[in-house]
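Asker: This is my_file_27.pdb (PDB, C-alpha atoms).
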```pdb
ATOM      1  CA  MET A   1      10.264  16.389 -11.740  1.00  0.00           C
ATOM      2  CA  SER A   2      12.684  15.161  -9.085  1.00  0.00           C
ATOM      3  CA  TYR A   3      11.574  13.257  -5.978  1.00  0.00           C
ATOM      4  CA  ARG A   4      13.607  13.845  -2.827  1.00  0.00           C
ATOM      5  CA  CYS A   5      14.427  10.774  -0.713  1.00  0.00           C
ATOM      6  CA  VAL A   6      15.972  10.018   2.660  1.00  0.00           C
ATOM      7  CA  ILE A   7      17.306   6.614   3.759  1.00  0.00           C
ATOM      8  CA  ILE A   8      17.410   5.743   7.479  1.00  0.00           C
ATOM      9  CA  ASP A   9      19.047   2.470   8.482  1.00  0.00           C
ATOM     10  CA  ASP A  10      21.585   1.601  11.180  1.00  0.00           C
ATOM     11  CA  GLU A  11      23.269  -0.969   8.900  1.00  0.00           C
ATOM     12  CA  PRO A  12      25.886   0.609   6.545  1.00  0.00           C
ATOM     13  CA  LEU A  13      25.541  -2.172   3.954  1.00  0.00           C
ATOM     14  CA  ALA A  14      21.761  -1.775   3.883  1.00  0.00           C
ATOM     15  CA  ARG A  15      22.128   1.968   3.266  1.00  0.00           C
ATOM     16  CA  GLU A  16      24.685   1.383   0.513  1.00  0.00           C
ATOM     17  CA  LEU A  17      22.392  -1.102  -1.191  1.00  0.00           C
ATOM     18  CA  LEU A  18      19.448   1.322  -1.271  1.00  0.00           C
ATOM     19  CA  GLU A  19      21.711   4.180  -2.358  1.00  0.00           C
ATOM     20  CA  GLY A  20      22.887   2.071  -5.304  1.00  0.00           C
ATOM     21  CA  TYR A  21      19.330   1.139  -6.220  1.00  0.00           C
ATOM     22  CA  LEU A  22      18.214   4.780  -6.155  1.00  0.00           C
ATOM     23  CA  GLU A  23      21.035   5.745  -8.500  1.00  0.00           C
ATOM     24  CA  LYS A  24      19.525   3.448 -11.115  1.00  0.00           C
ATOM     25  CA  ILE A  25      16.123   5.220 -11.006  1.00  0.00           C
ATOM     26  CA  PRO A  26      15.794   8.515 -12.938  1.00  0.00           C
ATOM     27  CA  ASP A  27      14.306  11.556 -11.191  1.00  0.00           C
ATOM     28  CA  PHE A  28      14.999  10.362  -7.640  1.00  0.00           C
ATOM     29  CA  GLU A  29      17.366  12.508  -5.571  1.00  0.00           C
ATOM     30  CA  LEU A  30      18.979  11.245  -2.366  1.00  0.00           C
ATOM     31  CA  VAL A  31      18.905  14.086   0.173  1.00  0.00           C
ATOM     32  CA  ALA A  32      20.561  12.117   2.976  1.00  0.00           C
ATOM     33  CA  SER A  33      21.450   8.603   4.121  1.00  0.00           C
ATOM     34  CA  CYS A  34      21.347   8.388   7.910  1.00  0.00           C
ATOM     35  CA  PRO A  35      22.399   5.729  10.447  1.00  0.00           C
ATOM     36  CA  SER A  36      19.640   6.612  12.917  1.00  0.00           C
ATOM     37  CA  ALA A  37      16.289   8.324  13.226  1.00  0.00           C
ATOM     38  CA  ILE A  38      17.878  10.922  15.520  1.00  0.00           C
ATOM     39  CA  ASP A  39      20.368  11.886  12.799  1.00  0.00           C
ATOM     40  CA  ALA A  40      17.548  12.174  10.271  1.00  0.00           C
ATOM     41  CA  SER A  41      15.191  14.299  12.371  1.00  0.00           C
ATOM     42  CA  GLY A  42      17.049  17.568  11.734  1.00  0.00           C
ATOM     43  CA  ILE A  43      17.316  16.864   8.014  1.00  0.00           C
ATOM     44  CA  LEU A  44      13.587  16.170   7.717  1.00  0.00           C
ATOM     45  CA  SER A  45      12.716  19.343   9.617  1.00  0.00           C
ATOM     46  CA  LYS A  46      14.790  21.503   7.258  1.00  0.00           C
ATOM     47  CA  ASN A  47      14.175  19.830   3.901  1.00  0.00           C
ATOM     48  CA  LYS A  48      11.200  18.876   1.791  1.00  0.00           C
ATOM     49  CA  VAL A  49      11.254  15.090   1.498  1.00  0.00           C
ATOM     50  CA  ASP A  50       8.904  13.123  -0.742  1.00  0.00           C
ATOM     51  CA  LEU A  51       9.872   9.554   0.120  1.00  0.00           C
ATOM     52  CA  LEU A  52      11.413   7.953   3.187  1.00  0.00           C
ATOM     53  CA  PHE A  53      13.090   4.527   3.257  1.00  0.00           C
ATOM     54  CA  LEU A  54      12.913   3.686   6.951  1.00  0.00           C
ATOM     55  CA  ASP A  55      14.314   0.688   8.793  1.00  0.00           C
ATOM     56  CA  ILE A  56      12.075  -0.440  11.655  1.00  0.00           C
ATOM     57  CA  GLU A  57      14.382  -2.201  14.117  1.00  0.00           C
ATOM     58  CA  MET A  58      17.032   0.350  15.122  1.00  0.00           C
ATOM     59  CA  PRO A  59      18.730   1.133  18.448  1.00  0.00           C
ATOM     60  CA  VAL A  60      17.508   4.026  20.612  1.00  0.00           C
ATOM     61  CA  LEU A  61      14.428   4.790  18.494  1.00  0.00           C
ATOM     62  CA  LYS A  62      12.485   2.353  16.333  1.00  0.00           C
ATOM     63  CA  GLY A  63      11.543   3.495  12.853  1.00  0.00           C
ATOM     64  CA  THR A  64       7.819   3.066  13.497  1.00  0.00           C
ATOM     65  CA  ASP A  65       7.963   5.190  16.665  1.00  0.00           C
ATOM     66  CA  PHE A  66       9.962   7.847  14.838  1.00  0.00           C
ATOM     67  CA  PHE A  67       7.553   8.031  11.915  1.00  0.00           C
ATOM     68  CA  LYS A  68       4.505   8.033  14.190  1.00  0.00           C
ATOM     69  CA  ASN A  69       5.693  11.268  15.809  1.00  0.00           C
ATOM     70  CA  LEU A  70       6.681  13.166  12.668  1.00  0.00           C
ATOM     71  CA  VAL A  71       4.613  16.305  12.164  1.00  0.00           C
ATOM     72  CA  GLN A  72       5.113  16.380   8.399  1.00  0.00           C
ATOM     73  CA  LYS A  73       4.972  12.822   7.116  1.00  0.00           C
ATOM     74  CA  PRO A  74       6.381  12.006   3.662  1.00  0.00           C
ATOM     75  CA  GLU A  75       5.416   8.784   1.936  1.00  0.00           C
ATOM     76  CA  VAL A  76       7.225   5.958   3.714  1.00  0.00           C
ATOM     77  CA  ILE A  77       8.525   2.559   2.646  1.00  0.00           C
ATOM     78  CA  PHE A  78       9.544   0.483   5.652  1.00  0.00           C
ATOM     79  CA  THR A  79      12.534  -1.854   5.380  1.00  0.00           C
ATOM     80  CA  THR A  80      13.160  -4.646   7.867  1.00  0.00           C
ATOM     81  CA  ALA A  81      14.521  -8.141   8.325  1.00  0.00           C
ATOM     82  CA  TYR A  82      11.511  -9.060  10.458  1.00  0.00           C
ATOM     83  CA  ARG A  83       8.320 -10.262   8.795  1.00  0.00           C
ATOM     84  CA  ASP A  84       6.209  -9.660  11.917  1.00  0.00           C
ATOM     85  CA  TYR A  85       6.444  -5.873  11.574  1.00  0.00           C
ATOM     86  CA  ALA A  86       4.061  -5.764   8.595  1.00  0.00           C
ATOM     87  CA  ILE A  87       1.077  -5.006  10.836  1.00  0.00           C
ATOM     88  CA  ASP A  88       2.933  -2.077  12.429  1.00  0.00           C
ATOM     89  CA  GLY A  89       3.452  -0.604   8.972  1.00  0.00           C
ATOM     90  CA  PHE A  90      -0.215  -1.158   8.167  1.00  0.00           C
ATOM     91  CA  GLU A  91      -1.244   0.995  11.122  1.00  0.00           C
ATOM     92  CA  LEU A  92       0.919   3.853   9.853  1.00  0.00           C
ATOM     93  CA  ASN A  93      -0.445   3.761   6.288  1.00  0.00           C
ATOM     94  CA  ALA A  94       2.944   2.894   4.836  1.00  0.00           C
ATOM     95  CA  LEU A  95       3.264   2.839   1.080  1.00  0.00           C
ATOM     96  CA  ASP A  96       5.113  -0.478   1.108  1.00  0.00           C
ATOM     97  CA  TYR A  97       7.070  -2.903   3.267  1.00  0.00           C
ATOM     98  CA  LEU A  98      10.347  -4.356   2.000  1.00  0.00           C
ATOM     99  CA  LEU A  99      11.643  -7.500   3.644  1.00  0.00           C
ATOM    100  CA  LYS A 100      15.439  -7.834   3.759  1.00  0.00           C
ATOM    101  CA  PRO A 101      17.388  -8.956   1.830  1.00  0.00           C
ATOM    102  CA  ILE A 102      15.918  -6.465  -0.634  1.00  0.00           C
ATOM    103  CA  PHE A 103      16.350  -7.301  -4.309  1.00  0.00           C
ATOM    104  CA  PHE A 104      16.216  -4.664  -7.022  1.00  0.00           C
ATOM    105  CA  GLU A 105      13.070  -6.070  -8.651  1.00  0.00           C
ATOM    106  CA  ARG A 106      11.128  -5.724  -5.386  1.00  0.00           C
ATOM    107  CA  PHE A 107      12.617  -2.257  -4.798  1.00  0.00           C
ATOM    108  CA  PHE A 108      11.519  -1.207  -8.284  1.00  0.00           C
ATOM    109  CA  GLN A 109       7.954  -2.390  -7.560  1.00  0.00           C
ATOM    110  CA  ALA A 110       7.878  -0.170  -4.479  1.00  0.00           C
ATOM    111  CA  ILE A 111       9.056   2.812  -6.527  1.00  0.00           C
ATOM    112  CA  GLN A 112       6.235   2.194  -9.010  1.00  0.00           C
ATOM    113  CA  LYS A 113       3.721   2.236  -6.152  1.00  0.00           C
ATOM    114  CA  PHE A 114       5.110   5.589  -5.066  1.00  0.00           C
ATOM    115  CA  LEU A 115       4.802   7.019  -8.593  1.00  0.00           C
ATOM    116  CA  LYS A 116       1.248   5.694  -8.851  1.00  0.00           C
ATOM    117  CA  GLN A 117       0.365   7.395  -5.584  1.00  0.00           C
ATOM    118  CA  VAL A 118       1.896  10.674  -6.766  1.00  0.00           C
ATOM    119  CA  GLU A 119      -0.137  10.484  -9.972  1.00  0.00           C
ATOM    120  CA  LYS A 120      -3.319   9.766  -8.032  1.00  0.00           C
ATOM    121  CA  THR A 121      -2.727  12.672  -5.649  1.00  0.00           C
ATOM    122  CA  GLU A 122      -2.102  15.063  -8.519  1.00  0.00           C
ATOM    123  CA  LEU A 123      -5.266  13.911 -10.263  1.00  0.00           C
ATOM    124  CA  SER A 124      -7.276  14.354  -7.085  1.00  0.00           C
ATOM    125  CA  ASN A 125      -5.909  17.845  -6.540  1.00  0.00           C
ATOM    126  CA  SER A 126      -6.729  18.909 -10.093  1.00  0.00           C
ATOM    127  CA  ASN A 127     -10.290  17.571 -10.153  1.00  0.00           C
ATOM    128  CA  ASP A 128     -12.994  19.328  -8.164  1.00  0.00           C
ATOM    129  CA  THR A 129     -15.768  16.823  -8.824  1.00  0.00           C
ATOM    130  CA  THR A 130     -16.876  14.518  -6.010  1.00  0.00           C
ATOM    131  CA  ILE A 131     -16.735  11.394  -8.177  1.00  0.00           C
ATOM    132  CA  ASN A 132     -14.334  10.998 -11.079  1.00  0.00           C
ATOM    133  CA  LYS A 133     -13.024   8.122 -13.117  1.00  0.00           C
ATOM    134  CA  SER A 134     -10.737   6.969 -10.330  1.00  0.00           C
ATOM    135  CA  ASP A 135     -13.709   6.510  -8.003  1.00  0.00           C
ATOM    136  CA  TYR A 136     -15.778   3.923  -9.838  1.00  0.00           C
ATOM    137  CA  LEU A 137     -15.890   1.259 -12.504  1.00  0.00           C
ATOM    138  CA  PHE A 138     -18.520  -0.558 -14.539  1.00  0.00           C
ATOM    139  CA  VAL A 139     -19.188  -4.301 -14.334  1.00  0.00           C
ATOM    140  CA  ASN A 140     -21.141  -6.400 -16.812  1.00  0.00           C
ATOM    141  CA  LYS A 141     -24.284  -8.105 -15.471  1.00  0.00           C
ATOM    142  CA  ALA A 142     -26.885  -9.665 -17.787  1.00  0.00           C
ATOM    143  CA  LYS A 143     -25.665  -7.579 -20.752  1.00  0.00           C
ATOM    144  CA  LYS A 144     -25.990  -4.418 -18.673  1.00  0.00           C
ATOM    145  CA  GLN A 145     -23.099  -2.207 -17.523  1.00  0.00           C
ATOM    146  CA  ILE A 146     -23.571  -1.462 -13.838  1.00  0.00           C
ATOM    147  CA  LYS A 147     -21.723   1.359 -12.123  1.00  0.00           C
ATOM    148  CA  VAL A 148     -19.910   0.396  -8.916  1.00  0.00           C
ATOM    149  CA  VAL A 149     -18.514   3.194  -6.732  1.00  0.00           C
ATOM    150  CA  PHE A 150     -15.322   2.102  -4.976  1.00  0.00           C
ATOM    151  CA  ASP A 151     -16.234   3.581  -1.613  1.00  0.00           C
ATOM    152  CA  THR A 152     -19.395   1.444  -1.414  1.00  0.00           C
ATOM    153  CA  ILE A 153     -17.457  -1.844  -1.755  1.00  0.00           C
ATOM    154  CA  LEU A 154     -16.638  -3.798   1.405  1.00  0.00           C
ATOM    155  CA  TYR A 155     -14.873  -6.740  -0.227  1.00  0.00           C
ATOM    156  CA  ALA A 156     -14.949  -9.042  -3.236  1.00  0.00           C
ATOM    157  CA  GLU A 157     -14.655 -12.822  -3.212  1.00  0.00           C
ATOM    158  CA  SER A 158     -13.769 -15.251  -5.967  1.00  0.00           C
ATOM    159  CA  LEU A 159     -16.276 -17.876  -7.097  1.00  0.00           C
ATOM    160  CA  LYS A 160     -14.193 -19.656  -9.762  1.00  0.00           C
ATOM    161  CA  ASP A 161     -14.956 -17.716 -12.973  1.00  0.00           C
ATOM    162  CA  TYR A 162     -17.139 -15.220 -11.108  1.00  0.00           C
ATOM    163  CA  ILE A 163     -16.701 -12.669  -8.352  1.00  0.00           C
ATOM    164  CA  LYS A 164     -19.190 -11.651  -5.699  1.00  0.00           C
ATOM    165  CA  ILE A 165     -18.938  -7.992  -4.728  1.00  0.00           C
ATOM    166  CA  HIS A 166     -20.207  -7.159  -1.238  1.00  0.00           C
ATOM    167  CA  PHE A 167     -21.455  -3.668  -0.419  1.00  0.00           C
ATOM    168  CA  GLN A 168     -22.108  -1.745   2.742  1.00  0.00           C
ATOM    169  CA  GLU A 169     -25.814  -1.095   2.141  1.00  0.00           C
ATOM    170  CA  GLU A 170     -26.733  -2.883  -1.080  1.00  0.00           C
ATOM    171  CA  ALA A 171     -27.238  -6.560  -1.886  1.00  0.00           C
ATOM    172  CA  PRO A 172     -24.144  -8.403  -3.179  1.00  0.00           C
ATOM    173  CA  LEU A 173     -23.534  -8.380  -6.917  1.00  0.00           C
ATOM    174  CA  THR A 174     -22.228 -11.490  -8.712  1.00  0.00           C
ATOM    175  CA  VAL A 175     -20.593 -10.936 -12.092  1.00  0.00           C
ATOM    176  CA  LYS A 176     -18.528 -13.034 -14.491  1.00  0.00           C
ATOM    177  CA  GLU A 177     -14.962 -11.765 -14.086  1.00  0.00           C
ATOM    178  CA  SER A 178     -11.830 -13.226 -12.555  1.00  0.00           C
ATOM    179  CA  ILE A 179     -10.709 -11.763  -9.264  1.00  0.00           C
ATOM    180  CA  SER A 180      -7.277 -10.995 -10.756  1.00  0.00           C
ATOM    181  CA  ALA A 181      -8.816  -8.979 -13.592  1.00  0.00           C
ATOM    182  CA  PHE A 182     -11.074  -7.169 -11.134  1.00  0.00           C
ATOM    183  CA  GLU A 183      -8.113  -6.372  -8.893  1.00  0.00           C
ATOM    184  CA  LYS A 184      -6.327  -4.587 -11.741  1.00  0.00           C
ATOM    185  CA  ARG A 185      -9.268  -2.211 -12.158  1.00  0.00           C
ATOM    186  CA  LEU A 186      -9.327  -1.105  -8.513  1.00  0.00           C
ATOM    187  CA  ASP A 187      -7.356   1.680  -6.878  1.00  0.00           C
ATOM    188  CA  ASN A 188      -4.883   1.280  -4.035  1.00  0.00           C
ATOM    189  CA  ARG A 189      -7.389   1.491  -1.204  1.00  0.00           C
ATOM    190  CA  PHE A 190      -7.980  -2.193  -2.047  1.00  0.00           C
ATOM    191  CA  ILE A 191      -5.668  -5.007  -0.970  1.00  0.00           C
ATOM    192  CA  ARG A 192      -5.489  -8.631  -2.090  1.00  0.00           C
ATOM    193  CA  LEU A 193      -5.173 -10.563   1.167  1.00  0.00           C
ATOM    194  CA  HIS A 194      -5.952 -14.013  -0.172  1.00  0.00           C
ATOM    195  CA  ARG A 195      -6.239 -15.672  -3.570  1.00  0.00           C
ATOM    196  CA  SER A 196     -10.015 -15.538  -3.091  1.00  0.00           C
ATOM    197  CA  TYR A 197     -10.465 -12.143  -1.407  1.00  0.00           C
ATOM    198  CA  ILE A 198      -9.878  -8.454  -2.058  1.00  0.00           C
ATOM    199  CA  VAL A 199     -10.859  -6.019   0.686  1.00  0.00           C
ATOM    200  CA  ASN A 200     -11.412  -2.285   0.898  1.00  0.00           C
ATOM    201  CA  SER A 201      -8.795  -1.208   3.471  1.00  0.00           C
ATOM    202  CA  LYS A 202     -10.987   1.764   4.460  1.00  0.00           C
ATOM    203  CA  LYS A 203     -13.676  -0.642   5.692  1.00  0.00           C
ATOM    204  CA  ILE A 204     -11.460  -2.823   7.901  1.00  0.00           C
ATOM    205  CA  THR A 205     -12.725  -2.711  11.492  1.00  0.00           C
ATOM    206  CA  ALA A 206     -10.180  -5.063  13.122  1.00  0.00           C
ATOM    207  CA  TYR A 207      -7.251  -7.264  12.160  1.00  0.00           C
ATOM    208  CA  THR A 208      -4.701  -9.804  13.365  1.00  0.00           C
ATOM    209  CA  LYS A 209      -1.685 -11.329  11.646  1.00  0.00           C
ATOM    210  CA  ASN A 210      -3.960 -14.021  10.222  1.00  0.00           C
ATOM    211  CA  ASP A 211      -7.166 -12.247   9.239  1.00  0.00           C
ATOM    212  CA  VAL A 212      -9.007  -8.966   8.909  1.00  0.00           C
ATOM    213  CA  GLU A 213     -12.541  -8.149   9.978  1.00  0.00           C
ATOM    214  CA  ILE A 214     -15.055  -6.044   8.106  1.00  0.00           C
ATOM    215  CA  GLY A 215     -18.007  -5.792  10.432  1.00  0.00           C
ATOM    216  CA  ARG A 216     -18.878  -9.379  11.349  1.00  0.00           C
ATOM    217  CA  MET A 217     -17.074 -10.881   8.379  1.00  0.00           C
ATOM    218  CA  GLU A 218     -13.658 -12.466   9.058  1.00  0.00           C
ATOM    219  CA  ILE A 219     -11.443 -12.675   5.980  1.00  0.00           C
ATOM    220  CA  PRO A 220      -8.276 -14.810   6.109  1.00  0.00           C
ATOM    221  CA  ILE A 221      -4.860 -13.522   5.094  1.00  0.00           C
ATOM    222  CA  GLY A 222      -3.207 -16.070   2.798  1.00  0.00           C
ATOM    223  CA  ASN A 223       0.370 -17.065   3.606  1.00  0.00           C
ATOM    224  CA  ASN A 224       1.543 -15.945   0.163  1.00  0.00           C
ATOM    225  CA  TYR A 225       0.091 -12.468   0.723  1.00  0.00           C
ATOM    226  CA  LYS A 226       1.405 -11.660   4.199  1.00  0.00           C
ATOM    227  CA  ASP A 227       4.497  -9.930   2.823  1.00  0.00           C
ATOM    228  CA  ASN A 228       2.311  -7.687   0.662  1.00  0.00           C
ATOM    229  CA  LEU A 229       0.137  -6.259   3.412  1.00  0.00           C
ATOM    230  CA  LEU A 230       1.404  -2.767   2.877  1.00  0.00           C
ATOM    231  CA  PRO A 231       0.771  -1.766  -0.693  1.00  0.00           C
ATOM    232  CA  PHE A 232      -2.648  -0.894   0.571  1.00  0.00           C
ATOM    233  CA  LEU A 233      -1.986   0.586   3.490  1.00  0.00           C
ATOM    234  CA  ASN A 234      -2.254   3.893   2.117  1.00  0.00           C
ATOM    235  CA  SER A 235      -5.446   5.737   2.715  1.00  0.00           C
ATOM    236  CA  ILE A 236      -7.027   8.050   0.223  1.00  0.00           C
TER
END
```
Could you show the structure in this file as structure tokens?

Answerer:
Amino acid sequence: MSYRCVIIDDEPLARELLEGYLEKIPDFELVASCPSAIDASGILSKNKVDLLFLDIEMPVLKGTDFFKNLVQKPEVIFTTAYRDYAIDGFELNALDYLLKPIFFERFFQAIQKFLKQVEKTELSNSNDTTINKSDYLFVNKAKKQIKVVFDTILYAESLKDYIKIHFQEEAPLTVKESISAFEKRLDNRFIRLHRSYIVNSKKITAYTKNDVEIGRMEIPIGNNYKDNLLPFLNSI
């Protein structure tokens, strides 16, 4: 299967870099590489596009404003030289956010997130059951395996060798597991915002550049995680 991509960036060198990176990845087809959102609008209206690499700060029309007004929205990976635009991407459910200069390793990680999302969408479309294996996991508590449905989780916090899982309507559950191991078992509605916290992005009620709120709980965003705000930012 081939995935159709469009690059939009007003900087020629930035476009050339992404074009070269895409050539290294099998099964990704470059439909067009455009210097502005205006140039790309006609191409997007006439072609099926799976993935958009979109610069944010461009003359005439910003990438975020352009994407916001698209009728048919492909998956989008924002590219920018400005760290402060991460929150804008979050609001638009971007798949990822690449901070310039973009290195191939980071580009490759973004491609893997796209492929994971494609796989998840295909699985969801082929399964008619309300809850399937991608919707829950089991945790070990007092030699008992307890089922935890993802949608019921608000956030999880690290307590050294344990994690405390907070729910919307149930009492918190404390289990012996590292937060990093727990993170690997979650789907991409969850985002690691701090070395001690993972949150369910669907439950966020407010946010700033420094923290998110889930109800009355304020959860800090660690400095080392601010560039990774957008892996999540993809609703299911």

Asker: Of the candidates A:Leu115, A:Met1, A:Val148, A:Leu173, which one gets nearest to Arg185 in chain A if we count only C-alpha atoms?

Answerer: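 Under the stated criterion, the closest residue is A:Val148.
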
Asker: Mind giving me the axis-aligned box for range 187-205 of chain A with 3 Å on every side, centre plus edges in Å to one decimal, as lines of an AutoDock Vina configuration file?

Answerer:
```
center_x = -9.3
center_y = -7.0
center_z = 2.3
size_x = 14.8
size_y = 23.4
size_z = 24.4
```

Asker: At what distance in Å, to one decimal, does CA of Tyr155 in chain A lie from CA of Ile179 in chain A?

Answerer: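 It comes out at 11.1 Å.
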
Asker: Work out how far CA of Phe108 in chain A is from CA of Ala14 in chain A, in Å to one decimal.

Answerer: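 A separation of 15.9 Å between them.
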
Asker: So how many Å separate CA of Lys209 in chain A and CA of Leu61 in chain A, to one decimal?

Answerer: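 Distance between the two atoms: 23.8 Å.
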
Asker: Counting only C-alpha atoms, which residue out of A:Leu154, A:Ala181, A:Ile163, A:Val49 sits closest to Val212 in chain A?

Answerer: A:Leu154

Asker: Just say which residues the PyMOL selection byres ((chain A and resi 17-31) around 7) picks in this file, as a PyMOL selection string.

Answerer: chain A and resi 1-6+13-16+32+104

Asker: To test your reading of the syntax: which residues would the PyMOL selection byres ((chain A and resi 54) around 7) return for the file shown? Reply as a list in words.

Answerer: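 Here the PyMOL selection byres ((chain A and resi 54) around 7) matches Ile7, Ile8, Asp9, Leu52, Phe53, Asp55, Ile56, Gly63, Val76, Ile77, Phe78 and Thr79 of chain A.
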
Asker: Translate the PyMOL selection byres ((chain A and resi 140) around 12) into a concrete residue list for this structure, as a list in words.

Answerer: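 Checking the PyMOL selection byres ((chain A and resi 140) around 12) against this file, the residues are Leu137, Phe138, Val139, Lys141, Ala142, Lys143, Lys144, Gln145, Ile146, Lys147, Val148, Tyr162, Ile163, Leu173, Thr174, Val175, Lys176, Glu177 and Phe182 of chain A.
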
Asker: Tell me, as number ranges by chain, which residues lie within 12 Å of Ile38 in chain A, counting all atoms listed in the file; anything in the same chain fewer than 5 positions away does not count.

Answerer: A: 8-10, 43-45, 58-63, 65-67, 70

Asker: Closest to Glu75 in chain A among A:Leu186, A:Ala206, A:Pro12, A:Asn93, using only C-alpha atoms?

Answerer: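 Residue with the minimum atom-to-atom distance to Glu75 in chain A: A:Asn93.
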
Asker: Compare A:Asp211, A:Glu57, A:Asp187, A:Asp50 by their minimum atom-to-atom distance to Lys120 in chain A, counting all atoms listed in the file, and give me the closest one.

Answerer: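 The shortest atom-to-atom distance to Lys120 in chain A comes from A:Asp187.
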
Asker: At a cut-off of 9 Å, using only C-alpha atoms, what residues contact Arg195 in chain A? Leave out same-chain residues fewer than 3 positions from it and give the result as a list in words.

Answerer: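 Skipping anything fewer than 3 positions along the chain leaves Glu157, Ser158, Ile179, Ser180, Arg192, Ile198, Gly222, Asn224 and Tyr225 of chain A.
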
Asker: Need the shell around range 168-171 of chain A: protein/DNA/RNA residues with any atom at most 12 Å away, counting only C-alpha atoms. Skip same-chain ones fewer than 6 positions apart. Format as a PyMOL selection string?

Answerer: chain A and resi 148-156+200+202-204+214-217

Asker: For Lys68 in chain A, work out the shell of residues within 10 Å, counting all atoms listed in the file and skipping chain neighbours fewer than 4 positions away, then give it as a PyMOL selection string.

Answerer: chain A and resi 63-64+73+91-92

Asker: Restricting the calculation to all atoms listed in the file, which member of A:Ser201, A:Asn69, A:Thr80, A:Ser41 is positioned closest to Ile102 in chain A?

Answerer: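 Of A:Ser201, A:Asn69, A:Thr80, A:Ser41, the one nearest Ile102 in chain A is A:Thr80, counting all atoms listed in the file.
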
Asker: Which is closest to Ile191 in chain A among A:Ile221, A:Thr121, A:Lys46, A:Glu105, if we use all atoms listed in the file?

Answerer: A:Ile221
